[in-house]
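File shown here: coords-v4.cif, holding mmCIF, C-alpha atoms.
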```cif
data_structure
#
loop_
_atom_site.label_atom_id
_atom_site.label_comp_id
_atom_site.auth_asym_id
_atom_site.auth_seq_id
_atom_site.Cartn_x
_atom_site.Cartn_y
_atom_site.Cartn_z
CA MET A 1 -3.77 23.06 7.52
CA ASP A 2 -3.97 23.66 11.26
CA LEU A 3 -3.72 20.96 13.92
CA GLU A 4 -7.46 20.93 14.67
CA ASN A 5 -8.28 20.11 11.07
CA LYS A 6 -5.58 17.41 10.98
CA VAL A 7 -7.10 15.75 14.03
CA LYS A 8 -10.55 15.79 12.40
CA LYS A 9 -9.20 14.16 9.22
CA MET A 10 -7.64 11.21 11.02
CA THR A 11 -8.68 7.76 9.88
CA LEU A 12 -7.47 4.24 10.44
CA GLY A 13 -8.34 3.24 6.86
CA HIS A 14 -11.07 0.69 7.61
CA GLU A 15 -11.64 0.11 3.90
CA MET A 16 -8.07 -1.08 3.30
CA GLY A 17 -7.91 -4.86 2.89
CA SER A 18 -11.54 -5.32 3.88
CA GLY A 19 -12.60 -8.94 3.40
CA ALA A 20 -9.09 -10.18 2.54
CA PRO A 21 -8.52 -13.86 3.50
CA CYS A 22 -6.12 -14.62 6.35
CA LEU A 23 -3.03 -16.54 5.26
CA LYS A 24 -2.51 -17.78 8.81
CA CYS A 25 -6.02 -18.75 9.93
CA LYS A 26 -7.30 -19.81 6.47
CA ASP A 27 -11.04 -20.62 6.59
CA LYS A 28 -11.31 -19.85 10.32
CA CYS A 29 -11.28 -16.13 9.47
CA GLU A 30 -14.30 -14.68 7.66
CA GLY A 31 -12.12 -12.02 6.06
CA PHE A 32 -10.23 -8.97 7.25
CA GLU A 33 -12.27 -6.50 9.29
CA LEU A 34 -10.21 -3.81 10.99
CA HIS A 35 -10.68 -3.31 14.72
CA PHE A 36 -11.48 0.35 15.31
CA TRP A 37 -8.16 1.07 17.07
CA ARG A 38 -6.08 -2.08 17.53
CA LYS A 39 -4.72 -2.43 13.95
CA ILE A 40 -5.82 -6.08 13.90
CA CYS A 41 -8.64 -8.11 12.36
CA ARG A 42 -11.77 -8.26 14.52
CA ASN A 43 -12.48 -11.78 13.27
CA CYS A 44 -9.17 -13.59 13.79
CA LYS A 45 -7.02 -11.10 15.78
CA CYS A 46 -4.22 -11.27 13.17
CA GLY A 47 -2.62 -8.15 11.69
CA LEU A 48 -3.25 -6.85 8.18
CA GLU A 49 0.17 -8.21 7.15
CA GLU A 50 -1.14 -11.75 7.72
CA HIS A 51 -3.95 -11.22 5.19
CA GLU A 52 -3.77 -11.54 1.41
CA VAL A 53 -4.40 -7.93 0.46
CA ALA A 54 -4.42 -7.41 -3.31
CA GLY A 55 -2.37 -4.64 -4.91
CA ASN A 56 0.45 -2.41 -3.70
CA THR A 57 -1.21 1.01 -3.86
CA GLU A 58 -1.52 1.62 -0.12
CA GLU A 59 2.03 0.44 0.57
CA ASP A 60 3.35 2.66 -2.23
CA ARG A 61 1.49 5.63 -0.73
CA LYS A 62 2.98 4.87 2.69
CA VAL A 63 6.58 4.68 1.43
CA GLY A 64 5.97 7.75 -0.73
CA LYS A 65 4.87 9.63 2.39
CA LEU A 66 8.01 8.44 4.19
CA PHE A 67 10.29 9.81 1.45
CA GLU A 68 8.44 13.12 1.17
CA ASP A 69 10.58 16.11 2.23
CA THR A 70 13.77 14.02 2.23
CA LYS A 71 16.75 13.65 -0.09
CA TYR A 72 14.97 10.60 -1.56
CA THR A 73 12.22 12.54 -3.36
CA GLY A 74 13.65 11.08 -6.58
CA LEU A 75 12.04 7.79 -5.53
CA ILE A 76 8.53 9.28 -5.43
CA ALA A 77 6.08 10.92 -7.81
CA LYS A 78 3.10 13.08 -6.88
CA LEU A 79 -0.24 12.18 -8.43
CA LYS A 80 -1.77 14.96 -10.50
CA THR A 81 -5.24 14.25 -9.09
CA ASP A 82 -4.60 14.73 -5.37
CA GLY A 83 -0.88 15.51 -5.00
CA ILE A 84 -0.31 12.43 -2.83
CA PRO A 85 3.31 11.19 -3.06
CA MET A 86 3.60 7.68 -4.49
CA TYR A 87 6.64 5.44 -4.22
CA LYS A 88 8.16 4.79 -7.65
CA ARG A 89 8.89 1.19 -6.84
CA ASN A 90 11.39 -0.33 -9.26
CA VAL A 91 9.75 -3.41 -10.81
CA MET A 92 12.12 -5.72 -12.69
CA ILE A 93 10.97 -8.11 -15.41
CA MET A 94 13.38 -10.81 -16.56
CA THR A 95 12.77 -12.84 -19.71
CA SER A 96 14.65 -15.87 -20.92
CA PRO A 97 14.09 -18.40 -23.72
CA VAL A 98 12.94 -21.90 -22.79
CA ALA A 99 13.60 -24.74 -25.23
CA ALA A 100 10.56 -26.72 -26.30
CA LYS A 101 10.06 -29.65 -28.67
CA LYS A 102 8.97 -27.57 -31.70
CA ASP A 103 9.89 -23.99 -30.92
CA VAL A 104 11.27 -21.72 -28.21
CA SER A 105 8.99 -20.17 -25.61
CA ILE A 106 9.75 -17.20 -23.39
CA SER A 107 9.84 -17.46 -19.60
CA THR A 108 9.02 -14.25 -17.72
CA VAL A 109 9.81 -13.57 -14.07
CA THR A 110 8.59 -10.36 -12.43
CA TYR A 111 10.22 -8.98 -9.30
CA GLU A 112 7.79 -6.73 -7.41
CA TRP A 113 10.78 -4.70 -6.23
CA ALA A 114 14.41 -4.54 -7.29
CA PRO A 115 17.23 -2.13 -6.41
CA PRO A 116 17.14 0.88 -8.78
CA VAL A 117 20.55 0.44 -10.40
CA PRO A 118 21.38 1.17 -14.06
CA GLN A 119 22.68 -2.34 -14.78
CA LYS A 120 19.97 -5.00 -14.69
CA ALA A 121 22.67 -7.69 -14.34
CA LEU A 122 23.80 -6.09 -11.05
CA ALA A 123 20.23 -6.03 -9.75
CA MET A 124 19.80 -9.66 -10.78
CA ARG A 125 23.00 -10.70 -9.00
CA TYR A 126 21.77 -8.88 -5.88
CA MET A 127 18.54 -10.90 -6.02
CA GLU A 128 20.41 -14.17 -6.45
CA MET A 129 22.39 -13.45 -3.27
CA LEU A 130 19.21 -13.28 -1.20
CA PRO A 131 17.62 -16.44 0.25
CA LYS A 132 15.06 -17.73 -2.27
CA GLU A 133 12.22 -17.32 0.21
CA MET A 134 13.03 -13.59 0.41
CA GLN A 135 13.25 -12.87 -3.32
CA PRO A 136 10.13 -10.78 -4.17
CA VAL A 137 9.04 -12.69 -7.27
CA ALA A 138 5.39 -11.89 -8.02
CA GLY A 139 3.04 -14.51 -6.57
CA SER A 140 5.77 -16.20 -4.52
CA GLU A 141 6.56 -16.67 -0.85
CA GLY A 142 9.22 -13.98 -1.25
CA ALA A 143 6.68 -11.41 -2.48
CA GLN A 144 4.48 -12.16 0.52
CA TYR A 145 7.50 -11.83 2.81
CA ARG A 146 8.24 -8.38 1.38
CA LYS A 147 4.64 -7.22 1.93
CA LYS A 148 4.68 -8.52 5.48
CA GLN A 149 7.95 -6.75 6.27
CA LEU A 150 6.69 -3.50 4.73
CA ALA A 151 3.75 -3.61 7.13
CA LYS A 152 5.85 -4.65 10.11
CA GLN A 153 9.00 -2.55 9.63
CA LEU A 154 7.35 0.63 8.34
CA PRO A 155 3.93 0.98 10.01
CA ALA A 156 2.04 3.96 8.60
CA HIS A 157 1.10 5.06 12.13
CA ASP A 158 4.79 5.63 12.93
CA GLN A 159 5.04 8.49 10.42
CA ASP A 160 1.54 9.77 9.61
CA PRO A 161 -0.65 11.29 12.38
CA THR A 162 -3.76 10.76 10.24
CA LYS A 163 -3.26 7.00 10.62
CA CYS A 164 -3.36 7.24 14.44
CA HIS A 165 -6.33 7.02 16.78
CA GLU A 166 -7.52 10.19 18.51
CA LEU A 167 -4.29 12.14 18.91
CA SER A 168 -4.60 15.51 20.62
CA PRO A 169 -3.34 18.63 18.78
CA ASN A 170 -0.27 18.63 21.02
CA GLU A 171 0.45 14.97 20.27
CA VAL A 172 0.13 15.64 16.52
CA LYS A 173 2.69 18.44 16.82
CA GLN A 174 5.09 16.22 18.80
CA MET A 175 4.75 13.42 16.27
CA GLU A 176 5.43 15.72 13.32
CA GLN A 177 8.58 17.00 15.01
CA PHE A 178 9.69 13.44 15.76
CA VAL A 179 9.14 12.32 12.14
CA LYS A 180 10.97 15.36 10.74
CA LYS A 181 13.92 14.66 13.03
CA TYR A 182 14.35 11.03 11.96
CA LYS A 183 13.91 11.94 8.29
CA ASP A 184 16.68 14.53 8.61
CA GLU A 185 19.08 12.54 10.78
CA VAL A 186 18.72 8.74 10.49
CA LEU A 187 16.56 7.66 7.51
CA GLY A 188 18.41 6.23 4.54
CA VAL A 189 18.19 3.93 1.52
CA GLY A 190 20.97 1.46 0.78
CA ASP A 191 23.08 1.73 -2.38
CA ILE A 192 24.02 -1.32 -4.44
CA LYS A 193 27.55 -1.07 -5.82
CA LEU A 194 30.53 -3.20 -6.75
CA PRO A 195 33.18 -2.52 -4.06
CA ASP A 196 35.91 -1.81 -6.60
CA GLU A 197 33.76 0.87 -8.23
CA VAL A 198 33.27 2.98 -5.10
CA LEU A 199 35.39 6.05 -5.75
CA PRO A 200 38.05 6.94 -3.16
CA LYS A 201 36.81 10.56 -3.12
CA ASP A 202 33.33 9.35 -2.07
CA LYS A 203 34.89 7.44 0.80
CA GLU A 204 37.00 10.41 1.83
CA GLN A 205 34.01 12.77 1.82
CA VAL A 206 32.00 10.46 4.02
CA ASN A 207 35.00 9.95 6.26
CA VAL A 208 35.30 13.70 6.86
CA SER A 209 31.60 14.12 7.60
CA THR A 210 31.33 11.14 9.95
CA SER A 211 34.80 11.34 11.54
CA ALA A 212 35.01 7.60 11.04
CA LYS A 213 38.29 5.76 10.70
CA LEU A 214 38.55 4.24 7.25
CA ALA A 215 39.41 0.61 6.77
CA PRO A 216 42.37 -0.11 4.45
CA ALA A 217 39.99 -1.07 1.64
CA ALA A 218 38.35 2.36 1.74
CA VAL A 219 41.55 4.25 0.93
CA ALA A 220 42.82 1.91 -1.74
CA THR A 221 44.42 3.70 -4.69
CA VAL A 222 43.91 2.74 -8.30
CA GLY A 223 47.21 0.92 -8.22
CA GLU A 224 46.25 -1.06 -5.15
CA LYS A 225 42.94 -2.19 -6.67
CA ALA A 226 44.63 -4.89 -8.68
CA ALA A 227 45.64 -6.59 -5.45
CA ALA A 228 42.09 -6.39 -4.20
CA GLN A 229 40.43 -8.08 -7.18
CA LYS A 230 39.83 -11.29 -5.28
CA GLY A 231 37.73 -9.43 -2.75
CA SER A 232 39.94 -10.17 0.25
CA ARG A 233 40.24 -6.45 1.06
CA TYR A 234 36.47 -6.03 1.39
CA SER A 235 34.69 -7.64 4.31
CA CYS A 236 31.03 -7.47 5.36
CA HIS A 237 30.36 -5.17 8.32
CA HIS A 238 27.78 -7.66 9.66
CA CYS A 239 29.25 -11.16 9.27
CA LYS A 240 32.91 -10.09 8.86
CA LEU A 241 33.37 -12.51 5.95
CA ASN A 242 35.09 -11.41 2.75
CA MET A 243 33.17 -10.25 -0.29
CA GLN A 244 33.55 -12.42 -3.37
CA GLU A 245 34.97 -10.92 -6.55
CA GLY A 246 32.23 -9.48 -8.76
CA ASP A 247 29.53 -9.61 -6.11
CA PRO A 248 27.57 -6.45 -5.34
CA ALA A 249 27.59 -4.97 -1.84
CA VAL A 250 25.12 -2.76 0.00
CA TYR A 251 26.34 0.62 1.23
CA ALA A 252 24.59 2.93 3.69
CA GLU A 253 25.53 6.56 3.16
CA ARG A 254 24.81 7.53 6.78
CA ALA A 255 27.15 4.77 7.95
CA GLY A 256 29.98 5.88 5.65
CA TYR A 257 31.30 4.23 2.51
CA ASP A 258 34.03 2.51 4.48
CA LYS A 259 31.34 -0.01 5.54
CA LEU A 260 29.59 -2.49 3.29
CA TRP A 261 27.26 -5.46 3.67
CA HIS A 262 26.41 -8.65 1.82
CA PRO A 263 22.85 -8.28 0.41
CA ALA A 264 21.55 -10.93 2.84
CA CYS A 265 23.38 -9.28 5.77
CA PHE A 266 21.72 -5.86 5.40
CA VAL A 267 19.37 -6.56 8.32
CA CYS A 268 17.86 -4.83 11.34
CA PHE A 269 20.00 -4.99 14.49
CA ILE A 270 16.95 -5.92 16.62
CA CYS A 271 14.75 -8.26 14.57
CA ASN A 272 17.48 -9.51 12.19
CA GLU A 273 15.03 -9.28 9.27
CA LEU A 274 16.14 -8.15 5.82
CA LEU A 275 15.65 -4.37 5.61
CA VAL A 276 12.74 -4.09 3.20
CA ASP A 277 13.56 -2.24 -0.04
CA LEU A 278 16.93 -1.32 1.57
CA ILE A 279 15.21 1.29 3.80
CA TYR A 280 17.23 1.71 6.99
CA PHE A 281 17.56 3.91 10.07
CA TRP A 282 21.13 4.49 11.31
CA LYS A 283 21.66 4.99 15.04
CA ASP A 284 24.56 4.26 17.41
CA GLU A 285 26.57 2.69 14.57
CA LYS A 286 23.79 0.14 13.94
CA LEU A 287 21.15 -0.52 11.28
CA PHE A 288 17.52 -0.50 12.41
CA CYS A 289 14.23 -1.05 10.63
CA GLY A 290 11.71 1.77 11.07
CA ARG A 291 9.73 0.02 13.80
CA HIS A 292 12.69 -0.80 16.01
CA TYR A 293 14.29 2.59 15.56
CA CYS A 294 11.06 4.21 16.76
CA ASP A 295 10.87 1.72 19.64
CA SER A 296 14.34 2.84 20.71
CA GLU A 297 13.15 6.46 20.89
CA LYS A 298 9.54 6.32 22.14
CA PRO A 299 7.36 3.93 24.18
CA ARG A 300 4.89 1.95 22.05
CA CYS A 301 1.37 1.08 23.20
CA ALA A 302 0.90 -2.69 23.36
CA GLY A 303 -2.81 -2.17 22.73
CA CYS A 304 -2.93 -0.04 19.56
CA ASP A 305 0.70 -0.46 18.39
CA GLU A 306 1.12 3.33 18.15
CA LEU A 307 3.97 5.35 19.59
CA ILE A 308 3.04 7.19 22.78
CA PHE A 309 3.47 10.96 22.71
CA SER A 310 1.48 11.64 25.87
CA ASN A 311 3.25 12.21 29.19
CA GLU A 312 0.65 10.03 30.91
CA TYR A 313 0.61 6.33 30.15
CA THR A 314 0.66 3.12 32.13
CA GLN A 315 3.10 0.22 32.37
CA ALA A 316 1.88 -3.29 33.05
CA GLU A 317 3.25 -6.76 32.39
CA GLY A 318 6.52 -5.25 31.14
CA GLN A 319 4.74 -3.29 28.39
CA ASN A 320 3.55 0.28 27.81
CA TRP A 321 -0.09 1.27 27.27
CA HIS A 322 -2.12 4.35 26.55
CA LEU A 323 -4.34 4.82 29.62
CA LYS A 324 -7.49 4.14 27.57
CA HIS A 325 -5.96 1.12 25.80
CA PHE A 326 -5.17 -1.13 28.77
CA CYS A 327 -8.23 -3.19 27.91
CA CYS A 328 -9.36 -6.79 27.61
CA PHE A 329 -8.07 -8.15 24.33
CA ASP A 330 -11.37 -9.96 23.75
CA CYS A 331 -14.11 -7.49 24.77
CA ASP A 332 -12.21 -4.15 25.07
CA CYS A 333 -13.43 -3.44 28.61
CA ILE A 334 -11.10 -1.17 30.64
CA LEU A 335 -8.94 -3.24 33.02
CA ALA A 336 -7.82 -0.52 35.47
CA GLY A 337 -8.55 -1.90 38.93
CA GLU A 338 -9.98 -5.15 37.51
CA ILE A 339 -8.78 -8.75 37.69
CA TYR A 340 -7.21 -9.94 34.46
CA VAL A 341 -5.20 -12.90 33.15
CA MET A 342 -2.40 -12.73 30.57
CA VAL A 343 -3.00 -15.10 27.64
CA ASP A 344 -0.34 -15.15 24.88
CA ASN A 345 1.00 -11.87 26.29
CA LYS A 346 -2.45 -10.24 25.98
CA PRO A 347 -4.58 -9.13 28.98
CA ILE A 348 -7.96 -10.86 29.27
CA CYS A 349 -10.66 -9.85 31.76
CA LYS A 350 -11.90 -12.51 34.17
CA PRO A 351 -15.33 -13.06 32.52
CA CYS A 352 -13.77 -13.49 29.05
CA TYR A 353 -11.07 -15.76 30.45
CA VAL A 354 -13.63 -18.05 32.10
CA LYS A 355 -15.81 -18.04 28.99
CA THR A 356 -13.13 -18.62 26.36
CA HIS A 357 -9.70 -19.46 27.75
CA ALA A 358 -10.11 -21.26 31.07
CA VAL A 359 -9.23 -24.93 31.39
CA ILE A 360 -12.06 -27.38 32.12
CA CYS A 361 -12.12 -29.40 35.33
CA GLN A 362 -12.02 -33.11 34.61
CA GLY A 363 -14.15 -33.73 37.68
CA CYS A 364 -17.12 -31.35 37.41
CA GLN A 365 -16.66 -30.34 33.73
CA ASN A 366 -16.85 -26.65 34.64
CA ALA A 367 -14.29 -23.93 33.87
CA VAL A 368 -11.59 -23.43 36.49
CA ASP A 369 -11.74 -19.88 37.83
CA PRO A 370 -8.32 -18.17 37.49
CA GLU A 371 -8.39 -17.22 41.19
CA MET A 372 -9.05 -20.80 42.34
CA GLN A 373 -6.39 -23.40 43.02
CA ARG A 374 -6.18 -26.25 40.56
CA VAL A 375 -4.33 -29.51 40.06
CA THR A 376 -2.76 -30.21 36.67
CA TYR A 377 -1.41 -33.54 35.47
CA ASN A 378 -0.34 -34.02 31.85
CA ASN A 379 -3.14 -32.32 29.87
CA TYR A 380 -5.81 -32.81 32.55
CA ASN A 381 -6.99 -30.24 35.11
CA TRP A 382 -9.11 -30.38 38.26
CA HIS A 383 -10.33 -27.95 40.88
CA ALA A 384 -8.16 -28.50 43.95
CA ALA A 385 -11.31 -29.41 45.93
CA PRO A 386 -12.51 -32.70 47.50
CA GLU A 387 -15.58 -32.87 45.27
CA CYS A 388 -13.48 -32.67 42.08
CA PHE A 389 -10.03 -34.11 42.77
CA GLN A 390 -11.16 -37.49 44.10
CA CYS A 391 -10.86 -41.19 43.41
CA SER A 392 -13.01 -42.19 40.44
CA CYS A 393 -14.04 -45.36 42.28
CA CYS A 394 -14.54 -44.61 46.01
CA SER A 395 -14.65 -40.78 45.88
CA LYS A 396 -11.84 -40.41 48.39
CA CYS A 397 -10.31 -36.88 48.37
CA LEU A 398 -6.89 -36.99 46.71
CA VAL A 399 -5.71 -33.42 47.38
CA GLY A 400 -2.22 -33.80 48.85
CA GLN A 401 -2.36 -37.59 48.42
CA LYS A 402 -0.71 -40.09 46.09
CA PHE A 403 -2.86 -41.16 43.16
CA MET A 404 -2.87 -43.31 40.03
CA PRO A 405 -3.96 -41.51 36.82
CA VAL A 406 -5.56 -43.54 34.01
CA GLU A 407 -6.87 -41.65 30.95
CA GLY A 408 -8.29 -38.74 32.91
CA MET A 409 -9.53 -40.89 35.79
CA LEU A 410 -7.93 -40.93 39.28
CA PHE A 411 -7.52 -43.85 41.66
CA CYS A 412 -6.37 -43.95 45.25
CA SER A 413 -5.23 -47.58 45.11
CA VAL A 414 -4.67 -50.61 42.92
CA GLU A 415 -7.85 -52.13 44.39
CA CYS A 416 -10.01 -49.21 43.21
CA LYS A 417 -8.41 -49.36 39.80
CA LYS A 418 -9.23 -53.07 39.49
CA LYS A 419 -12.83 -52.49 40.62
CA MET A 420 -13.39 -49.96 37.85
CA LYS A 421 -12.01 -52.35 35.25
CA THR A 422 -14.39 -55.09 36.34
#
```
Turn the structure described in the file into structure tokens.
Amino acid sequence: MDLENKVKKMTLGHEMGSGAPCLKCKDKCEGFELHFWRKICRNCKCGLEEHEVAGNTEEDRKVGKLFEDTKYTGLIAKLKTDGIPMYKRNVMIMTSPVAAKKDVSISTVTYEWAPPVPQKALAMRYMEMLPKEMQPVAGSEGAQYRKKQLAKQLPAHDQDPTKCHELSPNEVKQMEQFVKKYKDEVLGVGDIKLPDEVLPKDKEQVNVSTSAKLAPAAVATVGEKAAAQKGSRYSCHHCKLNMQEGDPAVYAERAGYDKLWHPACFVCFICNELLVDLIYFWKDEKLFCGRHYCDSEKPRCAGCDELIFSNEYTQAEGQNWHLKHFCCFDCDCILAGEIYVMVDNKPICKPCYVKTHAVICQGCQNAVDPEMQRVTYNNYNWHAAPECFQCSCCSKCLVGQKFMPVEGMLFCSVECKKKMKT
């Protein structure tokens, strides 16, 4: 398919998650409605990851697309109907008997994802070593955490041009080259292994390819393993603490098998979040999630959240923007050459600021224009003008004067305060 056809097929997936309730805003949000280019809800301004979207199909498609044309094709399957790669997510179901008064019932716990290892006991021990709020048990806080991190760490618009907004043919080509490069050079999936079971020859092979200096534990012979049974020879690359005997460790092939991590320490160098489904990007001897690896390579538009492949873009308020996306966060009007105010790190045009965000003057009860001077005391605001910032009793101007505040009222003296009380 040529670039022109790819551009025509682009979509932001407005059907995905439509109407889903917001977990953050609750009843204040009428349901998820995707903004046509911002990747947020038009109703509540939250991202899709903050909404309770049912099912995992779209996320499995996204991860399947990520693993396509990589060494991890064993983790995907292509649908017979349309040939779309789908992530073969490893779901783990644990059952255990529960004693009851008359008979024994069965308790079932489903993990929406688990490391694909042959021994279920190893996978279970890995799960137990994660904080409970991060264990992806179906219907739990941990399952919601996993979904949120999938959306945040691996945005579809960082790997698939069809999920981006109005890319030019040249930008599509640049993005495809960028994605191919990181798939070939930095993308990886962590391995769960017992440190004593990592073969010396595996460590030696990785050592040759990476030119890394092996730690003593990595070159241990069979005879030396007996001395290492207590785990003292294996320490976590992240926290530097020793591994406990019998506990699984996470290995990253691109980092070399001389390095290992506690399950809870396999985190992104930037955001310090658990690397979702063990998917990592290895750069400069550090682990990154997909989002922060891409941020280290390309500027990201603060408006649409997409990577910028154009040579022309603008910088404002310490952030990068596509030229057409430096807009008011409320009404989408272009802000080039216009007055704007930053609210929660988002640019707001002057009319929207006055209408929605401006503080109210305690004196005249009108909004305080962002270009006008104001006086603020505790949670009260006034125009810095004689007709607004004045004594509540005698109307004396208090700008630059001492005053006595009482529940939103101002007094120039004790006498005026007493007069108002009487």
To one decimal in Å, tell me the separation between atom CA of Leu23 of chain A and atom CA of Gly142 of chain A. 14.1 Å
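Contact shell of Thr108 of chain A at 12 Å (all atoms listed in the file; same-chain neighbours under 4 positions omitted): Met92, Ile93, Met94, Thr95, Ser96, Pro97, Val98, Val137 and Ala138 of chain A.
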With distances taken over only C-alpha atoms, which of A:Leu154, A:Cys416, A:Asp332, A:Met409 is nearest to Arg42 of chain A?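 The closest residue to Arg42 of chain A is A:Asp332.
Going from atom CA of Met86 of chain A to atom CA of Gly290 of chain A covers 18.5 Å.
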Which residues fall under the PyMOL selection byres ((chain A and resi 398) around 10) in this file, as a list of chain:residue names?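 With the PyMOL selection byres ((chain A and resi 398) around 10) on this model, the match is A:Ala384, A:Ala385, A:Pro386, A:Glu387, A:Cys388, A:Phe389, A:Gln390, A:Cys391, A:Ser395, A:Lys396, A:Cys397, A:Val399, A:Gly400, A:Gln401, A:Lys402, A:Phe403, A:Leu410, A:Phe411, A:Cys412.
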Let me make sure I understand: among A:Ile84, A:Ala121, A:Glu112, A:Glu185, which one has the smallest atom-to-atom distance to Met134 of chain A if we use only C-alpha atoms? A:Glu112
Care to translate the PyMOL selection byres ((chain A and resi 247-255) around 7) into actual residues of this file, as a ChimeraX atom specification? /A:122,126,188-195,243-246,256-257,259-263,282,285
Tell me which residues the PyMOL selection byres ((chain A and resi 274) around 9) grabs here, as JSON, numbers by chain. {"A": [134, 149, 263, 264, 265, 266, 267, 268, 271, 272, 273, 275, 276, 277, 278, 289]}
Give the answer as one residue: which of A:Cys352, A:Cys393, A:Thr314, A:Tyr280 has the shortest atom-to-atom distance to Ala336 of chain A, using all atoms listed in the file?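 Using all atoms listed in the file, the shortest distance to Ala336 of chain A belongs to A:Thr314.
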